[in-house]
Amino acid sequence: MATVHIDRLLETCIRVDASDIHLHVGRPPVLRMSGRLRSLETKVLEPDDTMALMKSITPERNQQEFQEEGGTDFGFAFGEKGRFRVSVFRAKGNVSIALRLIPSRIMSFEEIGLPPIVKPLCRRPRGLFLVTGPTGSGKTTTLATMLDYINRNFDRHIISVEDPIEYYHPHRMSIFTQREVGVDVPSFSEALRRSLRQDPDVILVGEMRDLETMEAAIRAAETGHLVFATLHTTGAQGTINRIIDAFPVAQQEQIRVQLSVTLLAVLSQVLCPKTGTSGRIAAYEFLLTTPAICNLIRENKTYRIDSSIQTGKKYGMQLLDEHLWRLYDSGIISGDEGLEKARFPAEFQSKMDEKARGQAGPAGMLAKPDQLAKELDQEKQSEPDDKKKKK
């Protein structure tokens with residue numbers, strides 16, 4: 001009975017184009033549609049229901065892990081219709097389940113609205129390309145599109161390390177080796193260390209969770225491989241600071257130098273529900289490492305990166321808030337959604353107020369990062385002089 005029930009739930013999720021299913025004791029099954037939670041009109045789930053549903057989809061190995069650890073993650077294919085990534089966990093002593101639908105079709109660059117500069121970057125022979133954003137912001141879909149482009153157009157050996165494997169990639173023009181943490185290899189760092197002996201051209205690190213994995217990813221990029229990796233950070237500046245701050249203080253100078261040499265780009269994204277229609281659209285912040293930005297990383301002046309992105313539009317760079325403003329100004333997303341996702345909500349609000357008064361200018365927008373950078377720069381430059389005066 002549970003199997004029939006779970007099949008109906010999975011079919012409903014695919015049919016209505018939901019992104020997630022939530023199964024919790026004390027309420028009916030819930031779908032996430034266009035970023036919003038919607039309860040299904042079925043019975044309220046009881047402890048026996050969620051336990052039966054868990055057993056109907058969870059492999060024996062993961063059931064054992066769940067008993068020992070109180071949680072487990074895995075993926076499974078639902079026939080030809082799609083794949084699901086599953087997290088089973090305990091809440092108030094009961095079984096809860098979250099399922100994420102991984103669409104069976106990989107989208108094109110144009111469909112997901114990636115900046116045009118990303119295609120040539122996928123042809124680069126070496127470097128580190130970071131895709132960042134909060135959970136559920138579409139990082140996996142973006143990476144699948146980029147890797148599929150390489151797979152179809154170039155003869156490369158692509159190695160991906162994922163937990164769990166989400167999109168399945170067949171061998172095309174490239175050889176595509178997909179390794180699952182916990183099934184094929186014990187950890188991300190171990191997989192990365194061993195992958196360097198497997199003649200890779202392109203490496204995907206599903207998640208840079210710890211210091212060891214970050215070190216291995218940077219080393220792989222440094223030794224002549226194109227490395228794609230994800231982080232749960234928002235904004236290019238915050239991403240670079242997050243990596244550097246993860247290292248002990250004694251190593252940070254060296255990591256800044258390594259990053260300045262290896263980092264190709266940072267693509268930071270959020271997903272926003274569209275107004276008046278179903279579906280979501282991604283808003284991007286995009287940083288391309290120019291010589292000037294490499295210097296800022298090396299000299300520990302990452303606070304000036306936002307202003308460098310503003311002045312780097314000719315390279316295809318843009319700030320997240322600029323893209324959010326264009327989407328709002330075009331009526332694609334609501335003002336509330338733009339405010340919720342903006343990095344500088346106060347600036348976004350004042351721009352909205354100007355627009356309401358009929359004074360808003362073009363979508364170039366948001367001077368705050370530039371002003372802030374100038375102020376911080378002046379402070380840093382004046383510091384040595386002040387110290388000299390005291391002496």
# chains A, B, ... in the order shown; residues from 1 in each chain; ligands from 1
call {"tool": "select_by_dssp", "arguments": {"residues": "range 200-356 of chain A", "states": "helix (DSSP H, G or I)", "output": "VMD selection string"}}
result
chain A and resid 211 to 222 236 to 246 249 to 262 291 to 298 302 to 310 313 to 315 320 to 329 335 to 341 345 to 356
call {"tool": "residues_around", "arguments": {"residues": "range 200-204 of chain A", "least_positions_apart": "6", "cutoff": "7 Å", "atoms": "only C-alpha atoms", "output": "list in words"}}
result
Arg156, His157, Ile158, Ile159, Ser160, Val161, His225, Leu226, Val227, Phe228 and Ala229 of chain A
call {"tool": "atom_distance", "arguments": {"atom1": "CA of Gln269 in chain A", "atom2": "CA of Glu285 in chain A"}}
result
6.2 Å
call {"tool": "residues_around", "arguments": {"residues": "Glu337 in chain A", "least_positions_apart": "4", "cutoff": "8 Å", "atoms": "only C-alpha atoms", "output": "count of residues only"}}
result
4
call {"tool": "closest_residue", "arguments": {"among": "A:Gln198, A:Ile332, A:Ala52, A:Val86", "to": "Ile21 in chain A", "atoms": "only C-alpha atoms"}}
result
A:Val86
call {"tool": "select_by_dssp", "arguments": {"residues": "range 153-322 of chain A", "states": "strand (DSSP E)", "output": "PyMOL selection string"}}
result
chain A and resi 157-162+175-180+202-205+226-231+263-273+280-288
call {"tool": "residues_around", "arguments": {"residues": "Lys314 in chain A", "least_positions_apart": "4", "cutoff": "12 Å", "atoms": "only C-alpha atoms", "output": "ChimeraX atom specification"}}
result
/A:116-117,287-288,290,308-310,318
call {"tool": "residues_around", "arguments": {"residues": "range 136-145 of chain A", "least_positions_apart": "3", "cutoff": "7 Å", "atoms": "only C-alpha atoms", "output": "PDB file with N, CA, C and O atoms, in the first residue's frame"}}
result
ATOM      1  N   ILE A 106      18.137  17.872 -19.128  1.00  0.00           N
ATOM      2  CA  ILE A 106      19.084  18.932 -18.794  1.00  0.00           C
ATOM      3  C   ILE A 106      18.803  20.138 -19.683  1.00  0.00           C
ATOM      4  O   ILE A 106      18.694  20.006 -20.902  1.00  0.00           O
ATOM      5  N   MET A 107      18.681  21.311 -19.073  1.00  0.00           N
ATOM      6  CA  MET A 107      18.311  22.514 -19.830  1.00  0.00           C
ATOM      7  C   MET A 107      19.524  23.130 -20.528  1.00  0.00           C
ATOM      8  O   MET A 107      20.671  22.855 -20.176  1.00  0.00           O
ATOM      9  N   SER A 108      19.244  23.981 -21.511  1.00  0.00           N
ATOM     10  CA  SER A 108      20.309  24.651 -22.265  1.00  0.00           C
ATOM     11  C   SER A 108      20.712  25.952 -21.553  1.00  0.00           C
ATOM     12  O   SER A 108      20.025  26.420 -20.649  1.00  0.00           O
ATOM     13  N   PHE A 109      21.812  26.547 -21.998  1.00  0.00           N
ATOM     14  CA  PHE A 109      22.276  27.830 -21.460  1.00  0.00           C
ATOM     15  C   PHE A 109      21.185  28.888 -21.581  1.00  0.00           C
ATOM     16  O   PHE A 109      20.949  29.666 -20.663  1.00  0.00           O
ATOM     17  N   VAL A 131      30.210  27.876  -8.321  1.00  0.00           N
ATOM     18  CA  VAL A 131      28.780  28.172  -8.440  1.00  0.00           C
ATOM     19  C   VAL A 131      28.218  28.167  -7.028  1.00  0.00           C
ATOM     20  O   VAL A 131      28.305  27.166  -6.322  1.00  0.00           O
ATOM     21  N   THR A 132      27.678  29.306  -6.591  1.00  0.00           N
ATOM     22  CA  THR A 132      27.279  29.444  -5.187  1.00  0.00           C
ATOM     23  C   THR A 132      25.840  29.910  -5.063  1.00  0.00           C
ATOM     24  O   THR A 132      25.237  30.395  -6.019  1.00  0.00           O
ATOM     25  N   GLY A 133      25.322  29.756  -3.846  1.00  0.00           N
ATOM     26  CA  GLY A 133      23.952  30.191  -3.574  1.00  0.00           C
ATOM     27  C   GLY A 133      23.375  29.350  -2.456  1.00  0.00           C
ATOM     28  O   GLY A 133      23.919  28.311  -2.103  1.00  0.00           O
ATOM     29  N   ASP A 148      27.094  19.267 -19.296  1.00  0.00           N
ATOM     30  CA  ASP A 148      26.488  18.663 -20.486  1.00  0.00           C
ATOM     31  C   ASP A 148      27.025  19.333 -21.756  1.00  0.00           C
ATOM     32  O   ASP A 148      27.266  18.669 -22.772  1.00  0.00           O
ATOM     33  N   TYR A 149      27.231  20.649 -21.701  1.00  0.00           N
ATOM     34  CA  TYR A 149      27.803  21.390 -22.833  1.00  0.00           C
ATOM     35  C   TYR A 149      29.214  20.871 -23.150  1.00  0.00           C
ATOM     36  O   TYR A 149      29.552  20.626 -24.319  1.00  0.00           O
ATOM     37  N   TYR A 167      21.786  14.439 -11.472  1.00  0.00           N
ATOM     38  CA  TYR A 167      21.593  14.244 -12.918  1.00  0.00           C
ATOM     39  C   TYR A 167      22.503  13.116 -13.393  1.00  0.00           C
ATOM     40  O   TYR A 167      23.687  13.084 -13.047  1.00  0.00           O
ATOM     41  N   GLN A 269      23.893  32.625  -7.406  1.00  0.00           N
ATOM     42  CA  GLN A 269      22.527  32.705  -7.904  1.00  0.00           C
ATOM     43  C   GLN A 269      21.476  32.484  -6.824  1.00  0.00           C
ATOM     44  O   GLN A 269      21.739  31.863  -5.791  1.00  0.00           O
ATOM     45  N   VAL A 270      20.289  33.047  -7.073  1.00  0.00           N
ATOM     46  CA  VAL A 270      19.103  32.798  -6.244  1.00  0.00           C
ATOM     47  C   VAL A 270      17.937  32.529  -7.197  1.00  0.00           C
ATOM     48  O   VAL A 270      17.939  32.997  -8.338  1.00  0.00           O
ATOM     49  N   LEU A 271      16.949  31.767  -6.734  1.00  0.00           N
ATOM     50  CA  LEU A 271      15.762  31.485  -7.544  1.00  0.00           C
ATOM     51  C   LEU A 271      14.589  32.308  -7.036  1.00  0.00           C
ATOM     52  O   LEU A 271      14.344  32.366  -5.829  1.00  0.00           O
TER      53      LEU A 271
END
call {"tool": "closest_residue", "arguments": {"among": "A:Asp245, A:Glu69, A:Asp210, A:Asp306", "to": "Thr230 in chain A", "atoms": "only C-alpha atoms"}}
result
A:Asp210
call {"tool": "atom_distance", "arguments": {"atom1": "CA of Ser34 in chain A", "atom2": "CA of Arg83 in chain A"}}
result
18.6 Å
call {"tool": "closest_residue", "arguments": {"among": "A:Val95, A:Ala282, A:Leu339, A:Ile14", "to": "Arg32 in chain A", "atoms": "only C-alpha atoms"}}
result
A:Ile14
call {"tool": "closest_residue", "arguments": {"among": "A:Ala246, A:Ile57, A:Ala91, A:Ala283", "to": "Leu324 in chain A", "atoms": "only C-alpha atoms"}}
result
A:Ala283
call {"tool": "closest_residue", "arguments": {"among": "A:Arg197, A:Lys274, A:Lys55, A:Arg152", "to": "His171 in chain A", "atoms": "only C-alpha atoms"}}
result
A:Arg152
call {"tool": "closest_residue", "arguments": {"among": "A:Ser189, A:Thr58, A:Ser104, A:Thr275", "to": "Ser87 in chain A", "atoms": "only C-alpha atoms"}}
result
A:Thr58
call {"tool": "residues_around", "arguments": {"residues": "Asp48 in chain A", "least_positions_apart": "2", "cutoff": "12 Å", "atoms": "only C-alpha atoms", "output": "list in words"}}
result
Met1, Ala2, His24, Val25, Gly26, Val44, Leu45, Glu46, Thr50, Met51, Ala52, Leu53, Met54, Lys55, Asn94, Val95 and Ser96 of chain A
call {"tool": "write_last_selection", "arguments": {"atoms": "C-alpha atoms", "output": "tab-separated table (two decimals), in the first residue's frame"}}
result
chain	number	residue	atom	x	y	z
A	1	MET	CA	0.00	0.00	0.00
A	2	ALA	CA	2.85	2.38	0.82
A	24	HIS	CA	5.92	14.95	8.07
A	25	VAL	CA	3.83	13.36	10.81
A	26	GLY	CA	0.85	15.54	11.73
A	44	VAL	CA	-2.88	13.68	7.66
A	45	LEU	CA	0.18	11.46	7.92
A	46	GLU	CA	0.68	9.30	11.03
A	50	THR	CA	5.95	7.96	7.17
A	51	MET	CA	7.74	4.81	8.36
A	52	ALA	CA	6.09	2.73	5.61
A	53	LEU	CA	6.84	5.38	2.97
A	54	MET	CA	10.48	5.53	4.09
A	55	LYS	CA	10.89	1.74	3.86
A	94	ASN	CA	9.19	10.27	14.06
A	95	VAL	CA	10.36	9.69	10.51
A	96	SER	CA	10.32	12.71	8.19
